[in-house]
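Undergrad: Okay, so here is structure_12.cif, and as you'll see once you scroll down, it has mmCIF, C-alpha atoms.
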```
data_structure
loop_
_atom_site.label_atom_id
_atom_site.label_comp_id
_atom_site.auth_asym_id
_atom_site.auth_seq_id
_atom_site.Cartn_x
_atom_site.Cartn_y
_atom_site.Cartn_z
CA MET A 1 86.93 94.11 71.13
CA GLY A 2 83.48 95.66 71.40
CA ASN A 3 81.24 95.59 74.42
CA THR A 4 78.21 93.55 73.39
CA THR A 5 76.99 92.66 76.89
CA VAL A 6 75.34 96.00 77.69
CA THR A 7 71.56 95.98 77.28
CA THR A 8 70.04 99.19 75.95
CA THR A 9 66.34 99.95 76.21
CA ALA A 10 65.08 102.52 73.70
CA THR A 11 61.95 104.61 73.57
CA GLU A 12 60.77 105.02 69.99
CA VAL A 13 58.15 107.13 68.25
CA VAL A 14 56.19 104.97 65.84
CA LEU A 15 54.27 106.09 62.78
CA PRO A 16 51.54 103.41 62.73
CA GLY A 17 49.88 104.44 59.47
CA LYS A 18 48.35 107.45 57.75
CA VAL A 19 47.45 109.34 60.92
CA GLU A 20 47.10 112.88 62.16
CA VAL A 21 50.00 114.32 64.14
CA ASP A 22 48.36 113.21 67.40
CA GLY A 23 48.29 109.63 66.14
CA LEU A 24 51.99 108.95 66.72
CA GLN A 25 52.68 106.14 69.18
CA LEU A 26 55.41 105.57 71.77
CA ARG A 27 56.93 102.17 72.39
CA THR A 28 59.82 100.85 74.42
CA ARG A 29 61.98 97.92 73.34
CA VAL A 30 65.33 96.36 74.05
CA LEU A 31 67.78 97.07 71.23
CA PRO A 32 69.77 94.20 69.74
CA ALA A 33 73.44 94.16 70.66
CA PRO A 34 75.52 95.93 68.01
CA ALA A 35 77.02 93.55 65.46
CA ALA A 36 80.49 93.82 63.99
CA GLY A 37 81.11 97.37 62.77
CA GLN A 38 78.08 98.77 64.61
CA VAL A 39 77.49 101.07 67.58
CA VAL A 40 74.62 102.05 69.84
CA LEU A 41 74.06 105.80 69.62
CA SER A 42 72.23 107.58 72.45
CA MET A 43 70.15 110.28 70.78
CA ASP A 44 70.92 113.86 71.78
CA ALA A 45 68.95 115.52 68.97
CA THR A 46 66.96 114.56 65.91
CA GLY A 47 64.44 116.64 63.98
CA VAL A 48 61.49 117.11 61.67
CA SER A 49 62.11 117.42 57.95
CA PHE A 50 59.74 117.53 54.99
CA ALA A 51 60.29 113.79 54.63
CA GLU A 52 58.52 112.97 57.89
CA GLN A 53 55.67 115.27 56.96
CA GLN A 54 55.18 113.31 53.75
CA MET A 55 55.70 109.93 55.40
CA ARG A 56 52.81 110.69 57.76
CA ARG A 57 50.62 110.96 54.67
CA GLY A 58 52.12 107.86 53.08
CA LYS A 59 53.41 110.04 50.25
CA TYR A 60 57.19 110.01 50.64
CA TYR A 61 58.92 108.37 47.71
CA ASN A 62 60.06 104.84 48.58
CA GLN A 63 59.14 105.07 52.27
CA PRO A 64 58.98 101.80 54.25
CA PRO A 65 55.64 100.09 54.95
CA PHE A 66 53.76 101.09 58.12
CA PRO A 67 54.40 100.85 61.01
CA PHE A 68 57.92 102.24 61.31
CA VAL A 69 60.02 104.71 63.30
CA PRO A 70 60.63 107.94 61.33
CA GLY A 71 63.60 110.24 61.75
CA TYR A 72 65.85 111.27 58.88
CA ASP A 73 68.97 112.26 60.81
CA VAL A 74 70.40 112.20 64.30
CA VAL A 75 73.12 113.54 66.55
CA GLY A 76 74.10 111.45 69.52
CA THR A 77 76.74 109.93 71.74
CA VAL A 78 78.19 106.46 71.26
CA VAL A 79 77.45 104.37 74.35
CA THR A 80 78.15 100.82 73.17
CA ILE A 81 80.23 99.33 70.37
CA GLY A 82 80.22 96.02 68.56
CA PRO A 83 83.22 93.95 67.49
CA ASP A 84 85.79 95.57 65.21
CA VAL A 85 84.86 99.10 66.29
CA ASP A 86 87.43 101.49 67.76
CA PRO A 87 86.77 101.81 71.53
CA ALA A 88 87.79 105.48 71.27
CA LEU A 89 84.35 106.19 69.77
CA ILE A 90 82.63 105.58 73.13
CA GLY A 91 81.56 108.85 74.72
CA ARG A 92 82.07 110.90 71.56
CA ARG A 93 79.37 112.80 69.68
CA PHE A 94 78.52 112.06 66.05
CA ALA A 95 75.96 112.95 63.41
CA ALA A 96 74.41 110.45 61.02
CA VAL A 97 71.81 110.43 58.27
CA THR A 98 69.40 107.54 58.74
CA LYS A 99 66.35 108.23 56.50
CA THR A 100 64.22 106.45 59.13
CA GLY A 101 64.68 105.30 62.71
CA ALA A 102 66.09 108.41 64.38
CA TRP A 103 63.03 109.34 66.45
CA ALA A 104 64.31 107.14 69.25
CA SER A 105 66.19 107.58 72.49
CA ALA A 106 68.84 105.19 71.18
CA LEU A 107 69.49 103.31 67.94
CA VAL A 108 71.94 100.90 66.36
CA LEU A 109 74.01 102.30 63.47
CA ASP A 110 76.96 101.32 61.33
CA ALA A 111 80.07 103.06 62.62
CA ALA A 112 80.94 103.89 59.00
CA ASP A 113 77.91 106.21 58.84
CA LEU A 114 79.07 108.43 61.73
CA VAL A 115 80.45 111.92 61.16
CA ALA A 116 82.27 113.57 64.06
CA VAL A 117 80.69 116.70 65.53
CA PRO A 118 83.09 119.43 66.76
CA ASP A 119 83.03 119.91 70.53
CA SER A 120 82.07 123.56 70.13
CA VAL A 121 78.90 122.73 68.16
CA SER A 122 75.81 121.85 70.18
CA ALA A 123 73.79 118.74 69.40
CA ALA A 124 70.77 120.82 68.31
CA ALA A 125 72.91 122.99 66.03
CA ALA A 126 74.58 119.97 64.47
CA GLU A 127 71.21 118.28 63.98
CA THR A 128 69.85 121.35 62.23
CA VAL A 129 72.53 121.18 59.54
CA ALA A 130 72.89 117.40 59.23
CA VAL A 131 70.70 116.43 56.29
CA ASN A 132 69.74 120.06 55.57
CA GLY A 133 73.36 121.17 55.47
CA VAL A 134 74.50 118.34 53.23
CA THR A 135 71.53 118.92 50.92
CA ALA A 136 72.25 122.64 50.67
CA TRP A 137 76.01 122.15 50.26
CA GLN A 138 75.69 119.52 47.55
CA MET A 139 73.05 121.42 45.60
CA LEU A 140 75.12 124.60 45.65
CA HIS A 141 78.61 123.19 45.19
CA ARG A 142 78.02 119.90 43.37
CA SER A 143 74.79 120.36 41.36
CA THR A 144 75.68 123.90 40.23
CA LYS A 145 78.85 125.88 39.66
CA VAL A 146 77.67 129.38 40.54
CA ARG A 147 80.61 131.74 40.97
CA ALA A 148 81.04 134.62 43.36
CA GLY A 149 79.03 137.59 42.11
CA GLY A 150 76.36 135.37 40.57
CA THR A 151 72.69 135.46 41.52
CA ILE A 152 70.44 132.62 42.65
CA VAL A 153 66.81 132.23 43.65
CA VAL A 154 65.91 130.12 46.69
CA LEU A 155 62.25 129.23 47.09
CA GLY A 156 61.30 128.82 50.73
CA ALA A 157 64.37 130.68 51.93
CA ASN A 158 63.17 130.54 55.55
CA GLY A 159 62.91 126.75 55.67
CA GLY A 160 65.35 124.20 57.01
CA VAL A 161 67.20 123.67 53.74
CA GLY A 162 66.53 127.17 52.42
CA SER A 163 67.92 129.02 55.44
CA THR A 164 71.10 126.94 55.26
CA LEU A 165 71.40 127.31 51.50
CA VAL A 166 71.18 131.10 51.54
CA GLN A 167 73.91 131.32 54.18
CA LEU A 168 76.22 129.03 52.23
CA ALA A 169 75.58 131.08 49.11
CA ARG A 170 76.26 134.40 50.83
CA HIS A 171 79.44 132.93 52.34
CA ALA A 172 80.53 132.10 48.78
CA GLY A 173 79.88 135.67 47.62
CA ILE A 174 76.68 134.84 45.73
CA LYS A 175 73.68 137.17 45.62
CA VAL A 176 70.43 135.59 46.84
CA ILE A 177 66.79 136.34 46.10
CA GLY A 178 64.67 134.37 48.55
CA THR A 179 60.93 133.77 48.70
CA ALA A 180 59.17 133.64 52.05
CA SER A 181 56.21 134.98 53.96
CA PRO A 182 56.59 138.68 54.88
CA ARG A 183 56.98 137.82 58.57
CA HIS A 184 60.36 136.26 57.70
CA HIS A 185 61.65 139.08 55.50
CA ALA A 186 63.49 140.98 58.22
CA ALA A 187 65.42 137.87 59.24
CA LEU A 188 66.30 137.17 55.61
CA ARG A 189 67.58 140.70 55.10
CA GLU A 190 69.88 140.20 58.10
CA LEU A 191 71.34 137.22 56.22
CA GLY A 192 71.96 139.41 53.18
CA VAL A 193 69.00 138.04 51.19
CA THR A 194 66.65 140.08 49.02
CA PRO A 195 63.21 138.76 50.08
CA VAL A 196 60.10 138.41 47.93
CA ASP A 197 56.64 137.52 49.24
CA TYR A 198 55.90 134.01 47.99
CA HIS A 199 52.15 134.75 48.32
CA ALA A 200 52.38 137.62 45.82
CA PRO A 201 50.38 136.93 42.64
CA ASP A 202 53.20 138.47 40.58
CA LEU A 203 55.95 136.61 42.48
CA TYR A 204 57.94 135.65 39.40
CA GLY A 205 57.45 139.06 37.85
CA GLN A 206 58.99 140.66 40.94
CA ILE A 207 61.96 138.30 40.71
CA ARG A 208 62.46 139.21 37.03
CA GLU A 209 62.52 142.89 37.97
CA LEU A 210 65.29 142.15 40.47
CA ALA A 211 67.23 140.08 37.92
CA PRO A 212 66.13 141.21 34.45
CA GLU A 213 68.91 139.29 32.69
CA GLY A 214 68.04 136.05 34.45
CA VAL A 215 69.64 134.20 37.35
CA ASP A 216 72.40 131.62 37.53
CA ALA A 217 70.41 129.05 39.47
CA VAL A 218 66.98 128.43 40.97
CA PHE A 219 66.51 126.02 43.87
CA ASP A 220 62.92 124.78 43.80
CA HIS A 221 61.44 122.39 46.38
CA VAL A 222 57.86 123.20 45.39
CA GLY A 223 57.50 121.48 42.02
CA GLY A 224 54.05 121.40 40.47
CA ALA A 225 53.05 123.94 37.83
CA GLY A 226 55.33 126.61 39.30
CA VAL A 227 58.47 124.77 38.25
CA VAL A 228 57.87 126.11 34.73
CA GLN A 229 58.19 129.65 36.07
CA SER A 230 61.39 128.69 37.89
CA TRP A 231 62.83 127.42 34.61
CA ARG A 232 61.97 130.68 32.87
CA LEU A 233 63.90 132.71 35.46
CA LEU A 234 67.22 131.25 34.32
CA ARG A 235 69.67 133.05 32.11
CA ARG A 236 71.48 131.14 29.39
CA GLY A 237 73.85 128.76 31.14
CA GLY A 238 71.75 128.75 34.31
CA THR A 239 70.70 125.66 36.25
CA LEU A 240 67.38 124.68 37.78
CA VAL A 241 67.81 122.41 40.80
CA SER A 242 64.55 120.76 41.76
CA TYR A 243 64.52 118.89 45.05
CA GLY A 244 60.93 118.27 45.99
CA THR A 245 57.25 118.39 45.11
CA ALA A 246 55.77 120.27 48.06
CA ALA A 247 53.00 121.65 45.85
CA THR A 248 51.43 118.19 45.66
CA LYS A 249 51.92 117.16 49.30
CA ASP A 250 48.17 117.19 50.01
CA THR A 251 47.13 115.70 46.67
CA ASP A 252 45.52 112.26 46.77
CA GLY A 253 46.76 109.47 44.55
CA ASN A 254 50.02 107.75 43.70
CA SER A 255 52.86 109.37 45.66
CA GLN A 256 55.34 108.59 42.89
CA ALA A 257 53.32 110.19 40.09
CA PRO A 258 54.31 113.85 40.77
CA VAL A 259 57.98 112.89 41.03
CA LEU A 260 57.95 110.85 37.81
CA LYS A 261 56.15 113.66 35.99
CA LEU A 262 58.79 116.09 37.21
CA PHE A 263 61.59 113.78 36.08
CA ALA A 264 60.13 113.65 32.59
CA ARG A 265 59.78 117.43 32.40
CA LEU A 266 63.36 118.06 33.57
CA ALA A 267 64.73 115.51 31.11
CA LEU A 268 62.89 117.21 28.25
CA TRP A 269 64.20 120.65 29.21
CA ASN A 270 67.76 119.38 29.21
CA HIS A 271 67.47 118.68 25.49
CA LEU A 272 66.38 122.20 24.58
CA PRO A 273 68.98 124.30 22.69
CA ASN A 274 68.97 127.23 25.13
CA GLY A 275 72.06 126.49 27.20
CA LYS A 276 70.08 125.91 30.38
CA SER A 277 70.16 122.75 32.46
CA ALA A 278 67.74 121.12 34.88
CA ARG A 279 68.54 118.62 37.61
CA PHE A 280 66.67 116.76 40.30
CA TYR A 281 68.64 116.55 43.51
CA ASN A 282 68.35 113.21 45.28
CA PHE A 283 70.20 112.94 48.57
CA TRP A 284 70.57 109.17 48.16
CA ALA A 285 71.85 109.20 44.59
CA GLY A 286 74.92 107.03 44.25
CA LYS A 287 74.29 104.93 47.35
CA ARG A 288 74.79 101.76 45.33
CA ARG A 289 78.47 102.64 45.51
CA LEU A 290 78.24 102.74 49.28
CA ASP A 291 81.86 103.53 50.14
CA ALA A 292 81.96 106.47 47.73
CA PHE A 293 78.58 107.69 48.98
CA ARG A 294 79.73 107.60 52.60
CA ALA A 295 82.99 109.36 51.77
CA ARG A 296 81.18 112.17 49.94
CA LEU A 297 78.64 112.56 52.76
CA ARG A 298 81.38 112.65 55.39
CA GLU A 299 83.38 115.21 53.41
CA ASP A 300 80.43 117.52 52.82
CA LEU A 301 78.95 117.33 56.32
CA THR A 302 82.39 117.91 57.82
CA GLN A 303 82.68 121.08 55.72
CA VAL A 304 79.29 122.29 56.92
CA LEU A 305 80.01 121.55 60.58
CA ARG A 306 83.35 123.34 60.26
CA LEU A 307 81.53 126.47 59.06
CA VAL A 308 79.18 126.20 62.05
CA ALA A 309 82.12 125.86 64.43
CA GLU A 310 83.79 128.89 62.84
CA GLY A 311 80.63 130.99 63.14
CA ALA A 312 80.26 131.39 59.38
CA LEU A 313 77.04 129.37 59.33
CA HIS A 314 74.34 129.90 61.95
CA PRO A 315 71.89 127.00 62.28
CA GLN A 316 68.31 128.20 62.27
CA ILE A 317 66.57 126.34 65.10
CA ALA A 318 62.83 126.99 64.99
CA ALA A 319 62.00 125.21 68.27
CA GLU A 320 62.96 122.24 70.42
CA PHE A 321 60.60 119.52 71.66
CA PRO A 322 61.28 116.42 73.77
CA LEU A 323 61.03 113.05 72.05
CA SER A 324 57.85 112.19 73.97
CA ASP A 325 56.17 115.24 72.42
CA ALA A 326 57.18 114.48 68.83
CA GLY A 327 53.59 115.02 67.70
CA SER A 328 53.75 118.69 68.69
CA ALA A 329 57.08 119.03 66.89
CA LEU A 330 55.57 117.59 63.74
CA ALA A 331 52.50 119.83 64.02
CA LEU A 332 54.63 122.96 64.32
CA ALA A 333 56.80 121.97 61.37
CA GLU A 334 53.71 121.37 59.24
CA SER A 335 52.21 124.74 60.22
CA ARG A 336 54.67 126.52 57.90
CA THR A 337 54.85 129.40 60.37
CA VAL A 338 58.43 129.00 61.55
CA ALA A 339 61.88 129.72 60.21
CA GLY A 340 64.50 127.00 60.29
CA LYS A 341 64.19 123.44 61.56
CA VAL A 342 62.12 122.00 64.38
CA VAL A 343 64.41 119.90 66.56
CA ILE A 344 63.54 116.94 68.78
CA VAL A 345 65.79 116.36 71.79
CA ALA A 346 66.14 113.58 74.32
CA ASP A 347 63.72 113.62 77.23
CA THR A 348 65.30 114.84 80.46
CA PRO A 349 65.71 112.14 83.12
CA ALA A 350 64.90 113.12 86.69
CA VAL A 351 65.38 111.22 89.91
CA ASN A 352 62.24 110.23 91.79
CA PRO A 353 63.20 111.10 95.37
CA ALA A 354 60.72 108.61 96.81
CA ALA A 355 61.66 105.60 94.72
CA GLY A 356 65.23 106.58 93.88
CA GLN A 357 64.53 105.72 90.24
CA LEU A 358 64.95 107.57 86.98
CA GLN A 359 61.82 108.88 85.32
CA VAL A 360 61.35 110.61 81.99
CA CYS A 361 60.51 114.31 82.00
CA SER A 362 59.39 116.27 78.99
CA GLY A 363 57.64 119.42 77.94
CA SER A 364 54.39 117.53 77.56
CA ALA A 365 51.87 118.37 80.29
CA ALA A 366 50.48 114.86 80.16
CA VAL A 367 53.85 113.26 80.70
CA ALA A 368 54.74 115.73 83.44
CA GLU A 369 51.50 114.94 85.23
CA ARG A 370 52.26 111.22 85.18
CA SER A 371 55.78 111.82 86.49
CA ARG A 372 55.53 113.92 89.64
CA ALA A 373 59.30 114.09 89.97
CA CYS A 374 59.44 116.12 86.78
CA PRO A 375 59.64 119.90 87.10
#
```
Mind turning this structure into structure tokens?

TA:
Amino acid sequence: MGNTTVTTTATEVVLPGKVEVDGLQLRTRVLPAPAAGQVVLSMDATGVSFAEQQMRRGKYYNQPPFPFVPGYDVVGTVVTIGPDVDPALIGRRFAAVTKTGAWASALVLDAADLVAVPDSVSAAAAETVAVNGVTAWQMLHRSTKVRAGGTIVVLGANGGVGSTLVQLARHAGIKVIGTASPRHHAALRELGVTPVDYHAPDLYGQIRELAPEGVDAVFDHVGGAGVVQSWRLLRRGGTLVSYGTAATKDTDGNSQAPVLKLFARLALWNHLPNGKSARFYNFWAGKRRLDAFRARLREDLTQVLRLVAEGALHPQIAAEFPLSDAGSALALAESRTVAGKVVIVADTPAVNPAAGQLQVCSGSAAVAERSRACP
């Protein structure tokens, strides 16, 4: 029988509307008691993905109406359970993909959405490969069937998904050509990637020189006009996996229009008699069959976390920020200057020696000034 008598107060970061990164708001509220099959998860780490960057602009496909709490994925510890939940879950660490709601110190989740995190994997490391790891794993191993010895192109190879994808590919014996700013080339070479400057005017020409017979797959999160060039890089039998429209992130207008245009283009290409295929990867595809969706997500994320625990996959953590400074985390992620994923962690509680009470400490100077007990 679950413990539904414990009251949990959560601090949440709210996206009130189309605001700048300094327009995020903090609120505190009492969470509802977990219902049957639910738990309260105390957040240890969440993060900033491209989704939150688009949601801030009101441009993420099918995002909820403002105001809402963003946060695509989370790693945390179960602190309270509802009825019909195994009490053994309390005190254990899990990862979950939420789409929204994870930028909070605690949240209510369905126990069926939890994926166990190995004890040897830190919360920040697990967070870094939660949605990014599943995305990379499914695109590489479910959307394509590239064999060892094959060659792929990863656009944005230094990003959260890209840095995970290239490692999974190299682990599978696949050659990788990755695009990134020159400041990230040395790090990519250490991962076994052949880097190409994505600013170069002859970017696609350079890739063709490296793979004159074409590549087995291209992973393109950029979309826009450049997706045509990605398609042309493929050899016969190759696959284009499109998973975003970053090229239009600052474009005004209907947020669904670029995606729908891309869908139409990919569908047309699939009917051409050249042996190539084009797919749009959607993380949430198949969720109508919820049990099957959850089983696939659990299987794939477990595989990714196992590789992290074994040291075969190294999460690329760009930086860590406390929850109360989520605006700075979002600003850094949007700067496109970092490699890997920007992680948000729980604020550090400190005891006020005068009052004997817990206060919230963070890396924010403003918060630290208000809380003199904070270091």

Undergrad: When distances are computed from all atoms listed in the file, which of A:Thr194, A:Thr164, A:Ser105, A:Ser242 shows the smallest separation from A:Ser143?

TA: A:Ser242

Undergrad: For the provided coordinates, the residues matched by the PyMOL selection byres ((chain A and resi 39-43) around 6) should be stated as an MDAnalysis selection string.

TA: chainID A and resid 34 38 44:45 76:82 105:109 111

Undergrad: Once the PyMOL selection byres ((chain A and resi 68-70) around 6) has been evaluated on this model, what residues remain selected, and can you format them as number ranges by chain?

TA: A: 13-15, 66-67, 71, 100-101, 103

Undergrad: At what distance in Å, to one decimal, does atom CA of A:Tyr60 lie from atom CA of A:Ala246?

TA: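 Computing the Euclidean distance for atom CA of A:Ala246 and atom CA of A:Tyr60 yields 10.7 Å.
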
Undergrad: Would you mind listing what lies within 8 Å of stretch 24-32 of chain A as a list of chain:residue names, with all atoms listed in the file counted and same-chain residues fewer than 3 positions away left out?

TA: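 Near neighbours after the sequence-gap exclusion: A:Thr7, A:Thr8, A:Thr9, A:Ala10, A:Thr11, A:Glu12, A:Val13, A:Val14, A:Leu15, A:Pro16, A:Val19, A:Glu20, A:Val21, A:Leu107, A:Val108, A:Ser324, A:Ala326, A:Gly327.
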
Undergrad: On this file, the PyMOL selection byres ((chain A and resi 188) around 12) gives some set of residues; write that set as a ChimeraX atom specification.

TA: /A:154,156-159,162-167,170,176-187,189-197,316,339-340

Undergrad: Based on the selection just made, write C-alpha atoms of those residues as a compact mmCIF listing (two decimals), keeping the file's coordinate frame.

TA:
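This went into selection22.txt:
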```txt
# COMPACT_ATOMS: atom_id res chain seq x y z
CA VAL A 154 65.91 130.12 46.69
CA GLY A 156 61.30 128.82 50.73
CA ALA A 157 64.37 130.68 51.93
CA ASN A 158 63.17 130.54 55.55
CA GLY A 159 62.91 126.75 55.67
CA GLY A 162 66.53 127.17 52.42
CA SER A 163 67.92 129.02 55.44
CA THR A 164 71.10 126.94 55.26
CA LEU A 165 71.40 127.31 51.50
CA VAL A 166 71.18 131.10 51.54
CA GLN A 167 73.91 131.32 54.18
CA ARG A 170 76.26 134.40 50.83
CA VAL A 176 70.43 135.59 46.84
CA ILE A 177 66.79 136.34 46.10
CA GLY A 178 64.67 134.37 48.55
CA THR A 179 60.93 133.77 48.70
CA ALA A 180 59.17 133.64 52.05
CA SER A 181 56.21 134.98 53.96
CA PRO A 182 56.59 138.68 54.88
CA ARG A 183 56.98 137.82 58.57
CA HIS A 184 60.36 136.26 57.70
CA HIS A 185 61.65 139.08 55.50
CA ALA A 186 63.49 140.98 58.22
CA ALA A 187 65.42 137.87 59.24
CA ARG A 189 67.58 140.70 55.10
CA GLU A 190 69.88 140.20 58.10
CA LEU A 191 71.34 137.22 56.22
CA GLY A 192 71.96 139.41 53.18
CA VAL A 193 69.00 138.04 51.19
CA THR A 194 66.65 140.08 49.02
CA PRO A 195 63.21 138.76 50.08
CA VAL A 196 60.10 138.41 47.93
CA ASP A 197 56.64 137.52 49.24
CA GLN A 316 68.31 128.20 62.27
CA ALA A 339 61.88 129.72 60.21
CA GLY A 340 64.50 127.00 60.29
```

Undergrad: Please report the interatomic distance between atom CA of A:Gly37 and atom CA of A:Ala112 in Å with one decimal.

TA: 7.5 Å

Undergrad: Quick one: of A:Leu233, A:Leu89, A:Leu262, A:Ala225, who's nearest to A:Pro212, counting all atoms listed in the file?

TA: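 Smallest separation from A:Pro212 among the options: A:Leu233.
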
Undergrad: Measure the distance from atom CA of A:Pro315 to atom CA of A:Val161 in Å and round it to one decimal.

TA: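 If I compute the distance from atom CA of A:Pro315 to atom CA of A:Val161, I get 10.3 Å.
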
Undergrad: Using only C-alpha atoms, which residue out of A:Val304, A:Ala96, A:Val146, A:Ile207 lies closest to A:Gly238?

TA: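 Once distances to A:Gly238 are computed over only C-alpha atoms, the minimum belongs to A:Val146.
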
Undergrad: Just checking: using all atoms listed in the file, which residue out of A:Asn274, A:Thr46, A:Gln206, A:Thr151 ends up closest to A:Val97?

TA: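 Distance minimum relative to A:Val97 lands on A:Thr46.
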
Undergrad: Select, from A:Leu168, A:Val227, A:Val48, A:Ala88, the residue with the minimum atom-to-atom distance to A:Ala136, counting all atoms listed in the file.

TA: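 Of all the options, A:Leu168 lies closest to A:Ala136.
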
Undergrad: Between A:Phe219, A:Trp269, A:Phe283, A:Tyr72, which is the closest to A:Thr98 once you count all atoms listed in the file?

TA: A:Tyr72

Undergrad: Identify, on the basis of all atoms listed in the file, every residue whose closest approach to stretch 172-174 of chain A does not exceed 6 Å; exclude the query and any residue fewer than 5 positions from it along the same chain; express the result as a list in words.

TA: Ala148, Gly149, Gly150 and Thr151 of chain A

Undergrad: Can you put N, CA, C and O atoms back into stretch 232-244 of chain A and show it as a short mmCIF file (atom, residue, chain, number, x, y, z; two decimals), in the frame of the given file?

TA:
```cif
data_model
loop_
_atom_site.label_atom_id
_atom_site.label_comp_id
_atom_site.auth_asym_id
_atom_site.auth_seq_id
_atom_site.Cartn_x
_atom_site.Cartn_y
_atom_site.Cartn_z
N ARG A 232 61.93 129.46 33.68
CA ARG A 232 61.97 130.68 32.87
C ARG A 232 62.79 131.80 33.51
O ARG A 232 63.15 132.76 32.82
N LEU A 233 63.09 131.68 34.80
CA LEU A 233 63.90 132.71 35.46
C LEU A 233 65.38 132.62 35.09
O LEU A 233 66.13 133.57 35.31
N LEU A 234 65.79 131.48 34.56
CA LEU A 234 67.22 131.25 34.32
C LEU A 234 67.75 132.04 33.13
O LEU A 234 67.07 132.20 32.11
N ARG A 235 68.95 132.50 33.26
CA ARG A 235 69.67 133.05 32.11
C ARG A 235 70.25 131.89 31.31
O ARG A 235 70.24 130.74 31.76
N ARG A 236 70.80 132.18 30.16
CA ARG A 236 71.48 131.14 29.39
C ARG A 236 72.67 130.63 30.20
O ARG A 236 73.46 131.43 30.71
N GLY A 237 72.80 129.35 30.33
CA GLY A 237 73.85 128.76 31.14
C GLY A 237 73.43 128.51 32.58
O GLY A 237 74.19 127.93 33.35
N GLY A 238 72.22 128.94 32.94
CA GLY A 238 71.75 128.75 34.31
C GLY A 238 71.25 127.33 34.56
O GLY A 238 71.02 126.55 33.64
N THR A 239 71.09 127.01 35.85
CA THR A 239 70.70 125.66 36.25
C THR A 239 69.50 125.70 37.20
O THR A 239 69.49 126.45 38.17
N LEU A 240 68.50 124.89 36.88
CA LEU A 240 67.38 124.68 37.78
C LEU A 240 67.66 123.43 38.59
O LEU A 240 67.91 122.35 38.03
N VAL A 241 67.65 123.57 39.92
CA VAL A 241 67.81 122.41 40.80
C VAL A 241 66.47 122.19 41.50
O VAL A 241 66.06 122.99 42.34
N SER A 242 65.81 121.12 41.15
CA SER A 242 64.55 120.76 41.76
C SER A 242 64.82 119.70 42.81
O SER A 242 65.56 118.74 42.56
N TYR A 243 64.25 119.88 44.01
CA TYR A 243 64.52 118.89 45.05
C TYR A 243 63.30 118.55 45.89
O TYR A 243 63.40 118.15 47.05
N GLY A 244 62.13 118.64 45.28
CA GLY A 244 60.93 118.27 45.99
C GLY A 244 59.67 118.60 45.21
O GLY A 244 59.72 119.26 44.17
#
```
